[in-house]
Amino acid sequence: MKQQSPSPALFGMPVPRRSVLLGAAALASAPALAACGSDDDGGSGGESGGQVTFGSNEVGSTFAKQRQAAVADFQAKNAGFTVKLNEIDHNTFQENINNYLQGNPDDVFSWFAGYRMRFFARRGLIGDISDVWPLDGVADSFKTASTGDDGKQYFVPQSYYPWAMFYRKSVWTERGYTPPTTLDELATLADKMKADGLAPIAFADKDGWPAMGTFDILNMRINGYQFHIDLMAGKGSWESAEVKKVFDTWAQLLPLHQPDSLGRTWQEAAQALQQKKAGMYLLGTFLIDQFPQNEREDVDLFTFPAVDPAIGSDAIDAPIDGFCMSAEPDNEGGAKKLLAYLASPAAAAEASKLGEPFISSNTKADTSAYSTLQKKSAELVGSAKNIAQFLDRDTRPDFASTVIIPAFQEFIRKPGDAATILKSVESQKKSIFID
């Protein structure tokens, strides 16, 4: 009998708003997104067939292979349709998304649920796909995360994944480590790891976004989920005592992290964990891509421990990934057909065949082939009371990229300058959150 994905209703998913966002700043030399919207191959068609162009924010990764497999399966099951896959590396896609959507975007493109989707829907840059809903096996909580400010749907969810503390079971068994449940226990464990010659917490922020995960979890642990969401929405002050406490705590934890993080990519930090040079790593489940297949069952996770017992540890980041349609697709009928497929159990099955960490948003998806890590990830999300979408998805993209990334990187360089940094963030926030 097939196992099925747990319903997100079991997670108590709220109205969520956040994979990986952007580099530190949009590089002037970065190549523009080359959309394949209307080209020599022709894009006309409809529900009966034709070409559908598909902009994917993955190149050469496991996730790219999953999308390639889904496209092949869609074409095999839908005679008359062809899908032209336009693959762009993740950071370039994110950095150029504004120009991409205002230029000649693909019919269908990779994007994220929540605030970042609503931001572009509000500006008329994403197409209304309300008639694709309801999607069989996709619960109302995911529909909420796919809905714009006007009550219409602009997104179809395909998968989700948690951010957590990851570690190698073999290392922890050998050294007698156990998952901490409080911040004091985490600090004690980190000191022991240092004495054992390990970097306690792998860390990287060369690309600008990984540190957002550290801020998110500390803010939710110290101030609670709703405070975090309100702060991301431009409410509250970055100079408040609550936010200052987050940065004070972060400053105390920085010495437990790998040094020189601003010169390291998340892949390199994950490799430190894989090579048993680091004891643990706060990241999303995509870190498994840096482990050989024969080592993946050695990877385990636990949720970041509580900081304030009154708040606990029942809030996490668990971003929802999926797809949108451009505002004026060349093949609207074909785009909607592809979108419905991408949210289906069939698409999830194609992704799962690759044996990678893919947790389907569809409750009817077969989970019998899920790895131990996938199952534990689903359990972690299932036990969470509140689920955020990650900082860059929970706030305005211009605020995340132009303000937060340089601010966090400056804090990592000079944690003693937190007050000055937060004053600057608050000032810039007021000039950005004006609509």
# chains A, B, ... in the order shown; residues from 1 in each chain; ligands from 1
call {"tool": "closest_atom_pairs", "arguments": {"of": "range 126-244 of chain A", "to": "range 293-317 of chain A", "cutoff": "6 Å", "atoms": "only C-alpha atoms", "output": "JSON lines"}}
result
{"residue": "A:Pro162", "atom": "CA", "partner": "A:Asp317", "partner_atom": "CA", "distance": 5.9}
{"residue": "A:Trp163", "atom": "CA", "partner": "A:Asp317", "partner_atom": "CA", "distance": 5.5}
{"residue": "A:Ala164", "atom": "CA", "partner": "A:Thr303", "partner_atom": "CA", "distance": 5.0}
{"residue": "A:Met165", "atom": "CA", "partner": "A:Phe302", "partner_atom": "CA", "distance": 5.4}
{"residue": "A:Phe166", "atom": "CA", "partner": "A:Leu301", "partner_atom": "CA", "distance": 4.3}
{"residue": "A:Tyr167", "atom": "CA", "partner": "A:Asp300", "partner_atom": "CA", "distance": 5.5}
{"residue": "A:Arg168", "atom": "CA", "partner": "A:Val299", "partner_atom": "CA", "distance": 4.7}
{"residue": "A:Lys169", "atom": "CA", "partner": "A:Asp298", "partner_atom": "CA", "distance": 5.3}
{"residue": "A:Thr181", "atom": "CA", "partner": "A:Pro305", "partner_atom": "CA", "distance": 4.5}
{"residue": "A:Thr182", "atom": "CA", "partner": "A:Pro305", "partner_atom": "CA", "distance": 4.8}
{"residue": "A:Leu183", "atom": "CA", "partner": "A:Val307", "partner_atom": "CA", "distance": 5.4}
{"residue": "A:Arg221", "atom": "CA", "partner": "A:Val307", "partner_atom": "CA", "distance": 5.6}
{"residue": "A:Ile222", "atom": "CA", "partner": "A:Asp308", "partner_atom": "CA", "distance": 5.9}
call {"tool": "write_last_selection", "arguments": {"atoms": "all heavy atoms", "output": "short mmCIF file (atom, residue, chain, number, x, y, z; two decimals), in the first residue's frame"}}
result
data_model
loop_
_atom_site.label_atom_id
_atom_site.label_comp_id
_atom_site.auth_asym_id
_atom_site.auth_seq_id
_atom_site.Cartn_x
_atom_site.Cartn_y
_atom_site.Cartn_z
N PRO A 162 11.99 21.90 5.01
CA PRO A 162 12.29 22.66 6.22
C PRO A 162 13.75 23.10 6.30
O PRO A 162 14.63 22.48 5.72
CB PRO A 162 12.00 21.65 7.33
CG PRO A 162 12.42 20.34 6.73
CD PRO A 162 12.05 20.44 5.26
N TRP A 163 13.96 24.18 7.03
CA TRP A 163 15.29 24.54 7.50
C TRP A 163 15.45 23.95 8.89
O TRP A 163 14.53 24.04 9.71
CB TRP A 163 15.45 26.06 7.54
CG TRP A 163 15.88 26.64 6.23
CD1 TRP A 163 15.21 26.55 5.05
CD2 TRP A 163 17.06 27.39 5.98
NE1 TRP A 163 15.91 27.21 4.06
CE2 TRP A 163 17.05 27.73 4.60
CE3 TRP A 163 18.13 27.81 6.77
CZ2 TRP A 163 18.07 28.47 4.02
CZ3 TRP A 163 19.14 28.55 6.19
CH2 TRP A 163 19.11 28.87 4.82
N ALA A 164 16.59 23.33 9.13
CA ALA A 164 16.82 22.68 10.42
C ALA A 164 18.32 22.58 10.65
O ALA A 164 19.13 22.98 9.80
CB ALA A 164 16.19 21.29 10.43
N MET A 165 18.70 22.03 11.80
CA MET A 165 20.11 21.75 12.10
C MET A 165 20.41 20.33 11.61
O MET A 165 19.80 19.36 12.10
CB MET A 165 20.37 21.86 13.59
CG MET A 165 20.16 23.25 14.16
SD MET A 165 21.39 24.45 13.61
CE MET A 165 22.71 24.17 14.79
N PHE A 166 21.32 20.21 10.68
CA PHE A 166 21.69 18.92 10.11
C PHE A 166 23.02 18.44 10.68
O PHE A 166 23.90 19.25 11.01
CB PHE A 166 21.78 19.01 8.59
CG PHE A 166 20.45 19.24 7.93
CD1 PHE A 166 19.95 20.53 7.78
CD2 PHE A 166 19.68 18.18 7.48
CE1 PHE A 166 18.71 20.76 7.20
CE2 PHE A 166 18.44 18.39 6.90
CZ PHE A 166 17.96 19.68 6.76
N TYR A 167 23.16 17.13 10.78
CA TYR A 167 24.40 16.56 11.31
C TYR A 167 24.59 15.15 10.77
O TYR A 167 23.67 14.56 10.20
CB TYR A 167 24.37 16.54 12.84
CG TYR A 167 23.30 15.64 13.45
CD1 TYR A 167 23.60 14.34 13.85
CD2 TYR A 167 22.00 16.10 13.63
CE1 TYR A 167 22.63 13.52 14.42
CE2 TYR A 167 21.02 15.30 14.20
CZ TYR A 167 21.34 14.01 14.59
OH TYR A 167 20.37 13.20 15.14
N ARG A 168 25.80 14.61 10.95
CA ARG A 168 26.10 13.24 10.54
C ARG A 168 25.95 12.31 11.74
O ARG A 168 26.61 12.48 12.77
CB ARG A 168 27.50 13.14 9.95
CG ARG A 168 27.66 13.93 8.66
CD ARG A 168 28.82 13.43 7.83
NE ARG A 168 28.65 12.04 7.41
CZ ARG A 168 29.26 11.48 6.38
NH1 ARG A 168 30.09 12.21 5.65
NH2 ARG A 168 29.08 10.23 6.07
N LYS A 169 25.07 11.34 11.61
CA LYS A 169 24.79 10.42 12.71
C LYS A 169 26.04 9.69 13.18
O LYS A 169 26.25 9.50 14.38
CB LYS A 169 23.70 9.42 12.29
CG LYS A 169 22.33 10.04 12.12
CD LYS A 169 21.28 9.00 11.79
CE LYS A 169 21.32 8.60 10.33
NZ LYS A 169 20.16 7.78 9.94
N THR A 181 18.23 20.92 23.27
CA THR A 181 16.86 21.43 23.28
C THR A 181 16.78 22.85 23.81
O THR A 181 15.72 23.46 23.80
CB THR A 181 15.95 20.52 24.15
OG1 THR A 181 16.48 20.47 25.48
CG2 THR A 181 15.89 19.12 23.58
N THR A 182 17.91 23.39 24.29
CA THR A 182 17.96 24.77 24.74
C THR A 182 19.21 25.43 24.17
O THR A 182 20.14 24.75 23.71
CB THR A 182 18.02 24.88 26.27
OG1 THR A 182 19.28 24.35 26.73
CG2 THR A 182 16.87 24.11 26.92
N LEU A 183 19.24 26.75 24.20
CA LEU A 183 20.40 27.48 23.68
C LEU A 183 21.64 27.18 24.52
O LEU A 183 22.75 27.06 23.98
CB LEU A 183 20.11 28.97 23.67
CG LEU A 183 21.03 29.82 22.78
CD1 LEU A 183 20.89 29.43 21.32
CD2 LEU A 183 20.72 31.30 22.95
N ARG A 221 12.52 32.33 17.65
CA ARG A 221 12.75 31.72 18.96
C ARG A 221 12.70 32.76 20.10
O ARG A 221 12.26 32.47 21.20
CB ARG A 221 14.11 31.01 18.99
CG ARG A 221 14.20 29.78 18.12
CD ARG A 221 13.34 28.65 18.67
NE ARG A 221 13.45 27.45 17.84
CZ ARG A 221 12.64 27.16 16.82
NH1 ARG A 221 11.64 27.98 16.50
NH2 ARG A 221 12.80 26.05 16.13
N ILE A 222 13.16 33.97 19.81
CA ILE A 222 13.24 35.00 20.84
C ILE A 222 11.96 35.83 20.94
O ILE A 222 11.49 36.14 22.04
CB ILE A 222 14.45 35.92 20.57
CG1 ILE A 222 15.76 35.13 20.76
CG2 ILE A 222 14.44 37.16 21.47
CD1 ILE A 222 17.00 35.84 20.26
#
call {"tool": "select_by_dssp", "arguments": {"residues": "range 210-305 of chain A", "states": "alpha helix (DSSP H)", "output": "JSON, numbers by chain"}}
result
{"A": [210, 211, 212, 213, 214, 215, 216, 217, 218, 219, 220, 221, 222, 223, 225, 226, 227, 228, 229, 230, 231, 232, 241, 242, 243, 244, 245, 246, 247, 248, 249, 250, 251, 252, 253, 266, 267, 268, 269, 270, 271, 272, 273, 274]}
call {"tool": "select_by_dssp", "arguments": {"residues": "range 120-280 of chain A", "states": "strand (DSSP E or B)", "output": "VMD selection string"}}
result
chain A and resid 126 147 153 156 to 160 163 to 168 182 199 to 202 257 278 to 280
call {"tool": "atom_distance", "arguments": {"atom1": "CA of Ala269 in chain A", "atom2": "CA of Val425 in chain A"}}
result
27.4 Å
call {"tool": "closest_atom_pairs", "arguments": {"of": "range 297-362 of chain A", "to": "range 114-121 of chain A", "cutoff": "12 Å", "atoms": "only C-alpha atoms", "output": "Markdown table"}}
result
| residue | atom | partner | partner_atom | distance |
| --- | --- | --- | --- | --- |
| A:Ala318 | CA | A:Gly114 | CA | 11.7 |
| A:Pro319 | CA | A:Gly114 | CA | 9.1 |
| A:Ile320 | CA | A:Gly114 | CA | 8.4 |
| A:Asp321 | CA | A:Gly114 | CA | 10.0 |
| A:Gly322 | CA | A:Met117 | CA | 10.3 |
| A:Phe323 | CA | A:Met117 | CA | 9.7 |
| A:Cys324 | CA | A:Met117 | CA | 8.4 |
| A:Met325 | CA | A:Ala121 | CA | 10.3 |
| A:Ser326 | CA | A:Ala121 | CA | 9.7 |
| A:Ala327 | CA | A:Ala121 | CA | 8.7 |
call {"tool": "atom_distance", "arguments": {"atom1": "CA of Leu254 in chain A", "atom2": "CA of Arg393 in chain A"}}
result
24.4 Å
call {"tool": "closest_residue", "arguments": {"among": "A:Lys84, A:Lys429, A:Leu380, A:Ser371", "to": "Arg396 in chain A", "atoms": "only C-alpha atoms"}}
result
A:Lys429
call {"tool": "closest_residue", "arguments": {"among": "A:Gln226, A:Thr395, A:Gln252, A:Thr420", "to": "Phe433 in chain A", "atoms": "only C-alpha atoms"}}
result
A:Thr395
call {"tool": "atom_distance", "arguments": {"atom1": "CA of Pro157 in chain A", "atom2": "CA of Lys336 in chain A"}}
result
13.2 Å
call {"tool": "residues_around", "arguments": {"residues": "Ala69 in chain A", "least_positions_apart": "2", "cutoff": "12 Å", "atoms": "only C-alpha atoms", "output": "ChimeraX atom specification"}}
result
/A:62-67,71-76,83,85,342,346-354
